[in-house]
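entry.cif (mmCIF, C-alpha atoms) appears below.
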data_final
#
loop_
_atom_site.label_atom_id
_atom_site.label_comp_id
_atom_site.auth_asym_id
_atom_site.auth_seq_id
_atom_site.Cartn_x
_atom_site.Cartn_y
_atom_site.Cartn_z
CA MET D 229 -133.49 -84.04 73.45
CA ILE D 230 -131.34 -87.02 74.32
CA SER D 231 -128.62 -84.73 75.70
CA LEU D 232 -131.21 -83.11 77.97
CA PHE D 233 -132.18 -86.59 79.15
CA TYR D 234 -128.53 -87.35 79.93
CA PHE D 235 -128.27 -84.07 81.82
CA PHE D 236 -131.23 -84.92 84.05
CA ALA D 237 -130.09 -88.50 84.49
CA ALA D 238 -126.68 -87.30 85.63
CA LEU D 239 -128.36 -84.87 88.02
CA VAL D 240 -130.51 -87.69 89.44
CA LEU D 241 -127.53 -89.91 90.10
CA ALA D 242 -125.41 -87.07 91.49
CA PHE D 243 -128.07 -85.88 93.92
CA ALA D 244 -128.84 -89.47 94.93
CA ALA D 245 -125.16 -90.10 95.62
CA TYR D 246 -124.96 -86.97 97.74
CA ALA D 247 -128.16 -87.96 99.57
CA VAL D 248 -126.54 -91.26 100.46
CA LEU D 249 -123.05 -90.01 101.27
CA ALA D 250 -123.56 -86.55 102.76
CA PRO D 251 -122.31 -86.30 106.34
CA ASN D 252 -125.06 -83.88 107.34
CA LEU D 253 -128.54 -85.40 107.50
CA ILE D 254 -130.41 -82.20 106.61
CA ARG D 255 -128.26 -81.80 103.51
CA ALA D 256 -128.99 -85.42 102.62
CA VAL D 257 -132.74 -84.88 102.86
CA PHE D 258 -132.61 -81.75 100.71
CA SER D 259 -130.43 -83.57 98.20
CA LEU D 260 -133.09 -86.28 98.04
CA PHE D 261 -135.56 -83.46 97.39
CA ALA D 262 -133.57 -82.34 94.34
CA CYS D 263 -133.10 -85.94 93.20
CA LEU D 264 -136.85 -86.62 93.22
CA PHE D 265 -137.47 -83.40 91.30
CA CYS D 266 -135.06 -84.53 88.59
CA VAL D 267 -136.74 -87.96 88.52
CA SER D 268 -140.01 -86.21 87.70
CA ALA D 269 -138.18 -84.56 84.79
CA LEU D 270 -137.24 -88.04 83.57
CA TYR D 271 -140.92 -89.02 83.64
CA VAL D 272 -141.64 -86.23 81.19
CA PHE D 273 -139.18 -87.81 78.77
CA ALA D 274 -141.12 -91.07 79.09
CA GLN D 275 -144.33 -89.29 78.03
CA ALA D 276 -145.83 -89.63 81.51
CA ASP D 277 -146.78 -86.06 82.24
CA PHE D 278 -149.38 -86.85 84.88
CA LEU D 279 -146.90 -89.02 86.75
CA ALA D 280 -144.37 -86.20 86.69
CA VAL D 281 -146.87 -83.90 88.39
CA ALA D 282 -147.85 -86.66 90.83
CA GLN D 283 -144.19 -87.21 91.66
CA VAL D 284 -143.77 -83.55 92.55
CA VAL D 285 -146.98 -83.44 94.60
CA VAL D 286 -146.70 -86.79 96.40
CA TYR D 287 -142.97 -87.20 96.88
CA VAL D 288 -141.54 -83.71 96.90
CA GLY D 289 -144.53 -82.18 98.64
CA GLY D 290 -145.48 -85.04 100.94
CA VAL D 291 -142.77 -87.53 101.71
CA LEU D 292 -139.98 -84.97 101.95
CA VAL D 293 -141.91 -82.76 104.37
CA VAL D 294 -142.73 -85.76 106.54
CA MET D 295 -139.08 -86.77 106.43
CA LEU D 296 -137.94 -83.31 107.50
CA PHE D 297 -140.41 -83.47 110.39
CA GLY D 298 -138.97 -86.85 111.34
CA VAL D 299 -135.45 -85.44 111.31
CA MET D 300 -136.29 -82.37 113.33
CA LEU D 301 -138.42 -84.14 115.93
CA SER D 302 -135.80 -86.76 116.70
CA ASP D 303 -132.26 -86.68 117.99
CA GLN D 304 -130.19 -83.56 117.48
CA GLN D 305 -126.93 -85.48 117.61
CA ILE D 306 -127.73 -87.46 114.49
CA LEU D 307 -127.57 -84.31 112.42
CA ASN D 308 -123.81 -84.37 112.75
CA PRO D 309 -121.53 -87.14 111.53
CA GLN D 310 -120.48 -89.61 114.18
CA PRO D 311 -116.88 -90.73 113.90
CA GLY D 312 -115.88 -94.23 114.85
CA LYS D 313 -118.93 -96.02 113.46
CA LYS D 314 -117.67 -96.73 109.98
CA GLU D 315 -116.01 -100.08 110.45
CA LYS D 316 -118.61 -102.05 108.47
CA LYS D 317 -118.63 -99.92 105.36
CA PHE D 318 -115.88 -101.73 103.54
CA LYS D 319 -117.64 -105.08 103.36
CA VAL D 320 -120.90 -103.48 102.32
CA SER D 321 -119.28 -101.61 99.46
CA GLN D 322 -117.67 -104.85 98.27
CA LEU D 323 -121.08 -106.49 98.31
CA LEU D 324 -122.42 -103.58 96.33
CA VAL D 325 -119.79 -103.94 93.63
CA VAL D 326 -120.65 -107.62 93.33
CA LEU D 327 -124.33 -106.73 93.04
CA ILE D 328 -123.68 -104.19 90.30
CA CYS D 329 -121.67 -106.73 88.33
CA VAL D 330 -124.41 -109.34 88.69
CA LEU D 331 -127.07 -106.87 87.61
CA LEU D 332 -125.09 -105.75 84.59
CA ALA D 333 -124.32 -109.29 83.49
CA TRP D 334 -127.98 -110.19 83.94
CA MET D 335 -129.04 -107.17 81.95
CA LEU D 336 -126.81 -107.70 78.99
CA GLY D 337 -127.99 -111.28 78.58
CA TYR D 338 -131.65 -110.56 78.06
CA PRO D 339 -132.88 -109.46 74.64
CA TRP D 340 -136.24 -108.17 75.88
CA LEU D 341 -134.46 -105.20 77.42
CA ASN D 342 -134.09 -103.84 73.92
CA TYR D 343 -137.87 -103.64 73.74
CA GLN D 344 -139.00 -100.29 72.44
CA PRO D 345 -142.66 -99.30 72.78
CA GLU D 346 -144.40 -98.28 69.61
CA GLN D 347 -144.45 -94.57 69.08
CA VAL D 348 -147.71 -92.75 68.64
CA SER D 349 -147.20 -90.95 65.38
CA GLY D 350 -146.94 -87.22 65.56
CA THR D 351 -149.59 -86.42 68.14
CA VAL D 352 -149.04 -85.41 71.73
CA VAL D 353 -150.55 -88.11 73.94
CA ASN D 354 -152.89 -86.74 76.58
CA THR D 355 -152.42 -89.20 79.39
CA ILE D 356 -154.39 -87.23 81.98
CA SER D 357 -157.82 -87.87 80.51
CA ALA D 358 -156.93 -91.51 79.83
CA ILE D 359 -155.76 -91.96 83.44
CA GLY D 360 -158.94 -90.34 84.75
CA ILE D 361 -161.16 -92.61 82.69
CA GLU D 362 -159.15 -95.71 83.64
CA LEU D 363 -159.22 -94.85 87.37
CA LEU D 364 -163.01 -94.77 87.42
CA SER D 365 -163.60 -97.71 85.10
CA GLY D 366 -160.97 -100.44 84.82
CA TYR D 367 -159.06 -99.60 87.99
CA LEU D 368 -162.02 -98.70 90.20
CA LEU D 369 -161.45 -101.45 92.78
CA PRO D 370 -157.73 -100.69 93.39
CA PHE D 371 -158.62 -97.01 93.54
CA GLU D 372 -161.18 -97.56 96.30
CA VAL D 373 -158.97 -100.00 98.19
CA LEU D 374 -156.23 -97.39 98.08
CA SER D 375 -158.52 -94.81 99.61
CA ILE D 376 -159.32 -97.18 102.48
CA LEU D 377 -155.60 -97.84 102.93
CA LEU D 378 -154.85 -94.14 103.13
CA LEU D 379 -157.60 -93.69 105.73
CA ALA D 380 -156.13 -96.57 107.74
CA VAL D 381 -152.67 -94.99 107.53
CA LEU D 382 -154.06 -91.66 108.72
CA ILE D 383 -155.81 -93.17 111.74
CA GLY D 384 -152.95 -95.52 112.56
CA VAL D 385 -150.37 -92.75 112.50
CA VAL D 386 -152.46 -90.64 114.86
CA ILE D 387 -152.94 -93.56 117.26
CA ILE D 388 -149.25 -94.47 117.28
CA THR D 389 -148.08 -90.92 118.00
CA ARG D 390 -150.65 -90.34 120.74
CA LYS D 391 -149.17 -89.74 124.17
CA GLY D 392 -150.63 -90.52 127.57
CA GLU D 393 -152.35 -93.54 129.04
CA LYS D 394 -154.05 -94.68 125.88
CA ALA D 395 -150.85 -94.54 123.87
CA LEU D 396 -149.58 -97.69 122.30
CA MET Q 284 -138.11 -91.14 71.96
CA ILE Q 285 -135.62 -92.12 74.65
CA PRO Q 286 -134.64 -95.80 74.51
CA VAL Q 287 -135.84 -97.89 77.43
CA MET Q 288 -132.28 -99.01 78.11
CA HIS Q 289 -131.28 -95.51 79.24
CA PHE Q 290 -134.03 -95.46 81.86
CA ILE Q 291 -132.88 -98.86 83.06
CA TRP Q 292 -129.35 -97.54 83.56
CA VAL Q 293 -130.66 -94.70 85.71
CA GLY Q 294 -132.79 -97.20 87.63
CA ILE Q 295 -129.82 -99.46 88.28
CA GLY Q 296 -127.79 -96.53 89.56
CA LEU Q 297 -130.55 -95.37 91.89
CA PHE Q 298 -131.22 -98.88 93.17
CA CYS Q 299 -127.57 -99.54 93.97
CA LEU Q 300 -127.22 -96.22 95.78
CA GLY Q 301 -130.34 -96.95 97.79
CA LEU Q 302 -129.19 -100.44 98.64
CA TYR Q 303 -125.84 -99.06 99.75
CA ALA Q 304 -127.63 -96.59 102.02
CA VAL Q 305 -129.81 -99.29 103.57
CA LEU Q 306 -126.90 -101.65 104.15
CA SER Q 307 -124.25 -99.24 105.37
CA GLN Q 308 -125.93 -96.43 107.28
CA LYS Q 309 -126.28 -96.39 111.04
CA ASN Q 310 -129.29 -94.12 111.11
CA VAL Q 311 -132.88 -95.12 110.47
CA ILE Q 312 -133.78 -91.93 108.59
CA ARG Q 313 -130.84 -92.42 106.24
CA MET Q 314 -131.98 -96.00 105.66
CA LEU Q 315 -135.42 -94.63 104.81
CA ILE Q 316 -133.80 -92.31 102.28
CA GLY Q 317 -132.25 -95.41 100.72
CA VAL Q 318 -135.62 -97.15 100.62
CA GLU Q 319 -137.13 -94.16 98.86
CA LEU Q 320 -134.35 -94.22 96.29
CA MET Q 321 -134.94 -97.91 95.60
CA LEU Q 322 -138.69 -97.37 95.24
CA ASN Q 323 -138.01 -94.59 92.76
CA ALA Q 324 -135.75 -96.86 90.76
CA GLY Q 325 -138.59 -99.35 90.48
CA ILE Q 326 -141.10 -96.68 89.49
CA ILE Q 327 -138.71 -95.35 86.83
CA ASN Q 328 -138.59 -98.81 85.28
CA LEU Q 329 -142.38 -99.08 85.32
CA VAL Q 330 -142.72 -95.72 83.60
CA ALA Q 331 -140.02 -96.51 81.05
CA PHE Q 332 -141.63 -99.77 79.97
CA GLY Q 333 -145.07 -98.20 80.09
CA GLN Q 334 -144.39 -95.68 77.33
CA GLY Q 335 -146.60 -95.68 74.33
CA PRO Q 336 -150.36 -95.76 73.84
CA ALA Q 337 -151.18 -98.25 76.61
CA ILE Q 338 -151.67 -96.63 80.01
CA ASP Q 339 -151.28 -99.67 82.32
CA GLY Q 340 -147.63 -99.08 83.20
CA GLN Q 341 -148.38 -95.56 84.30
CA MET Q 342 -151.34 -96.72 86.41
CA LEU Q 343 -149.16 -99.27 88.17
CA ALA Q 344 -146.51 -96.61 88.75
CA LEU Q 345 -149.13 -94.26 90.17
CA PHE Q 346 -150.36 -96.86 92.65
CA ALA Q 347 -146.79 -97.73 93.61
CA MET Q 348 -146.10 -94.06 94.26
CA ILE Q 349 -149.09 -93.66 96.57
CA LEU Q 350 -148.22 -96.84 98.46
CA ALA Q 351 -144.65 -95.59 98.87
CA ALA Q 352 -145.93 -92.34 100.35
CA ALA Q 353 -148.15 -94.19 102.82
CA ALA Q 354 -145.29 -96.50 103.80
CA ALA Q 355 -142.97 -93.53 104.33
CA ALA Q 356 -145.50 -91.88 106.64
CA VAL Q 357 -145.91 -95.01 108.77
CA ALA Q 358 -142.15 -95.64 108.86
CA LEU Q 359 -141.35 -92.13 110.01
CA VAL Q 360 -143.96 -92.30 112.75
CA LEU Q 361 -142.38 -95.55 113.92
CA VAL Q 362 -138.99 -93.83 113.89
CA LEU Q 363 -140.44 -91.09 116.06
CA LYS Q 364 -141.91 -93.66 118.47
CA MET Q 365 -138.57 -95.46 118.54
CA TYR Q 366 -136.84 -92.22 119.43
CA HIS Q 367 -139.28 -91.58 122.27
CA THR Q 368 -138.91 -95.13 123.58
CA TYR Q 369 -135.19 -95.78 123.20
CA GLY Q 370 -133.75 -92.27 123.04
CA SER Q 371 -131.92 -92.86 119.79
CA ILE Q 372 -132.64 -93.91 116.23
CA HIS Q 373 -129.75 -96.26 115.81
CA PRO Q 374 -131.07 -99.37 114.05
CA ASP Q 375 -129.34 -101.71 116.50
CA GLU Q 376 -131.09 -100.25 119.56
CA PRO Q 377 -134.50 -101.99 119.52
CA THR Q 378 -133.88 -105.55 120.60
CA GLU Q 379 -137.19 -106.32 122.29
CA LEU Q 380 -140.82 -106.10 121.36
CA LYS Q 381 -142.13 -105.27 124.83
CA GLN Q 382 -140.60 -103.12 127.51
#
As structure tokens, what does this structure read like?
Amino acid sequence: MISLFYFFAALVLAFAAYAVLAPNLIRAVFSLFACLFCVSALYVFAQADFLAVAQVVVYVGGVLVVMLFGVMLSDQQILNPQPGKKEKKFKVSQLLVVLICVLLAWMLGYPWLNYQPEQVSGTVVNTISAIGIELLSGYLLPFEVLSILLLAVLIGVVIITRKGEKAL
Amino acid sequence: MIPVMHFIWVGIGLFCLGLYAVLSQKNVIRMLIGVELMLNAGIINLVAFGQGPAIDGQMLALFAMILAAAAAAVALVLVLKMYHTYGSIHPDEPTELKQ
């Protein structure tokens, strides 16, 4: 099981690296698609089955489609790599290496990172029913606030994209 | 059960890749891809520490996921508006709030 986890983790990092470094934007977006799919596989290993499904539905089904629309509705030239605009990359990558070193040093110094949650003995945990009960009892207020936020996003997006005299 | 440390390694890798994308790319959509990667790194950490019988970590991850989707929708609409206004989606183009 741990080797399967390593396989998916390697896939996540590989697809993420290609999504960042690919010269073609469409290929980058589809690589992000694959990366998010593999992340949902990692959620299964963390016993979060509902979150794995939500990841596929929300990210892979929603965000990626919106992102492809954004790519296709905007400039056609950006789909191809533009030479001569890479002069700043060297400094940024140096900064990145420094950041990785700082993060690793920070990580290794803290003992709470070795925290391991207690295992539920033997049984398969059904998180879906627990999440449903929690959403409508303990987390009712955030749930409703989130619905209002999504409505606001819907209306705001329509208003911003509107053309004509009343457009923003 | 997978140790939490392994999830943290994946999260660190994703976060650094996303940060690299945000800092180095000259294209707003590519920067958004980086932001999505960083958000996913955070959500992976929430899920990893939220293993076990308690459900709170997963609830927080669920809310974070929905907020990330809403933010992505608004950001891409703003990218579209920026393209209609300035004719490009280079992040250095918009230098004024009002035309």
Checklist entry - Of the candidates D:Met295, D:Ala237, D:Leu368, D:Ala274, which shows the shortest atom-to-atom distance to Leu260 of chain D, using only C-alpha atoms? => result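 Of D:Met295, D:Ala237, D:Leu368, D:Ala274, the one nearest Leu260 of chain D, counting only C-alpha atoms, is D:Met295.
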Item to check | Expected selection from the PyMOL selection byres ((chain Q) within 6 of (chain D)), given as number ranges by chain | outcome: Q: 304, 307, 331, 334-335, 352, 359
Output for the residues just chosen: C-alpha atoms as a short mmCIF file (atom, residue, chain, number, x, y, z; two decimals), in the coordinates of the input:
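Output below, filename selection_2.cif:
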data_model
loop_
_atom_site.label_atom_id
_atom_site.label_comp_id
_atom_site.auth_asym_id
_atom_site.auth_seq_id
_atom_site.Cartn_x
_atom_site.Cartn_y
_atom_site.Cartn_z
CA ALA Q 304 -127.63 -96.59 102.02
CA SER Q 307 -124.25 -99.24 105.37
CA ALA Q 331 -140.02 -96.51 81.05
CA GLN Q 334 -144.39 -95.68 77.33
CA GLY Q 335 -146.60 -95.68 74.33
CA ALA Q 352 -145.93 -92.34 100.35
CA LEU Q 359 -141.35 -92.13 110.01
#
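The interatomic distance for the pair atom CA of Ala358 of chain Q and atom CA of Arg313 of chain Q works out to 12.0 Å.
Closest to Leu315 of chain Q among Q:Ala356, Q:Met288, Q:Val293, Q:Leu380 is Q:Ala356, based on all atoms listed in the file.
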Item to check | Explicit residues for the PyMOL selection byres ((chain Q and resi 302) around 9) (as a PyMOL selection string) | outcome: (chain D and resi 324) or (chain Q and resi 297-301+303-307+314+317-318+320-321)
Could you save those same residues with C-alpha atoms as a PDB file, keeping the file's coordinate frame?
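What landed in part36.pdb:
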ATOM      1  CA  LEU D 324    -122.420-103.580  96.330  1.00  0.00           C
TER       2      LEU D 324
ATOM      3  CA  LEU Q 297    -130.550 -95.370  91.890  1.00  0.00           C
ATOM      4  CA  PHE Q 298    -131.220 -98.880  93.170  1.00  0.00           C
ATOM      5  CA  CYS Q 299    -127.570 -99.540  93.970  1.00  0.00           C
ATOM      6  CA  LEU Q 300    -127.220 -96.220  95.780  1.00  0.00           C
ATOM      7  CA  GLY Q 301    -130.340 -96.950  97.790  1.00  0.00           C
ATOM      8  CA  TYR Q 303    -125.840 -99.060  99.750  1.00  0.00           C
ATOM      9  CA  ALA Q 304    -127.630 -96.590 102.020  1.00  0.00           C
ATOM     10  CA  VAL Q 305    -129.810 -99.290 103.570  1.00  0.00           C
ATOM     11  CA  LEU Q 306    -126.900-101.650 104.150  1.00  0.00           C
ATOM     12  CA  SER Q 307    -124.250 -99.240 105.370  1.00  0.00           C
ATOM     13  CA  MET Q 314    -131.980 -96.000 105.660  1.00  0.00           C
ATOM     14  CA  GLY Q 317    -132.250 -95.410 100.720  1.00  0.00           C
ATOM     15  CA  VAL Q 318    -135.620 -97.150 100.620  1.00  0.00           C
ATOM     16  CA  LEU Q 320    -134.350 -94.220  96.290  1.00  0.00           C
ATOM     17  CA  MET Q 321    -134.940 -97.910  95.600  1.00  0.00           C
TER      18      MET Q 321
END
Checklist entry - So which residues get picked by the PyMOL selection byres ((chain Q and resi 343) around 12) here, written as a PyMOL selection string? => result (chain D and resi 279+359+362-363+367+370-371) or (chain Q and resi 325-333+337-342+344-350)
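Going from atom CA of Ser259 of chain D over to atom CA of Val360 of chain Q, you cover 21.7 Å.
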Item to check | Point-to-point distance in Å for atom CA of Val285 of chain D and atom CA of Glu319 of chain Q | outcome: 15.2 Å
Checklist entry - With all atoms listed in the file as the basis for distance, which of Q:Pro377, Q:Gly294, Q:Pro286, Q:Gly370 is at the shortest distance from Ala324 of chain Q? => result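 Closest to Ala324 of chain Q, using all atoms listed in the file: Q:Gly294.
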Checklist entry - From the list D:Ile254, D:Ser231, D:Ser357, D:Lys391, which residue is nearest Leu363 of chain Q when using all atoms listed in the file? => result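 When distances to Leu363 of chain Q are compared using all atoms listed in the file, the smallest one comes from D:Lys391.
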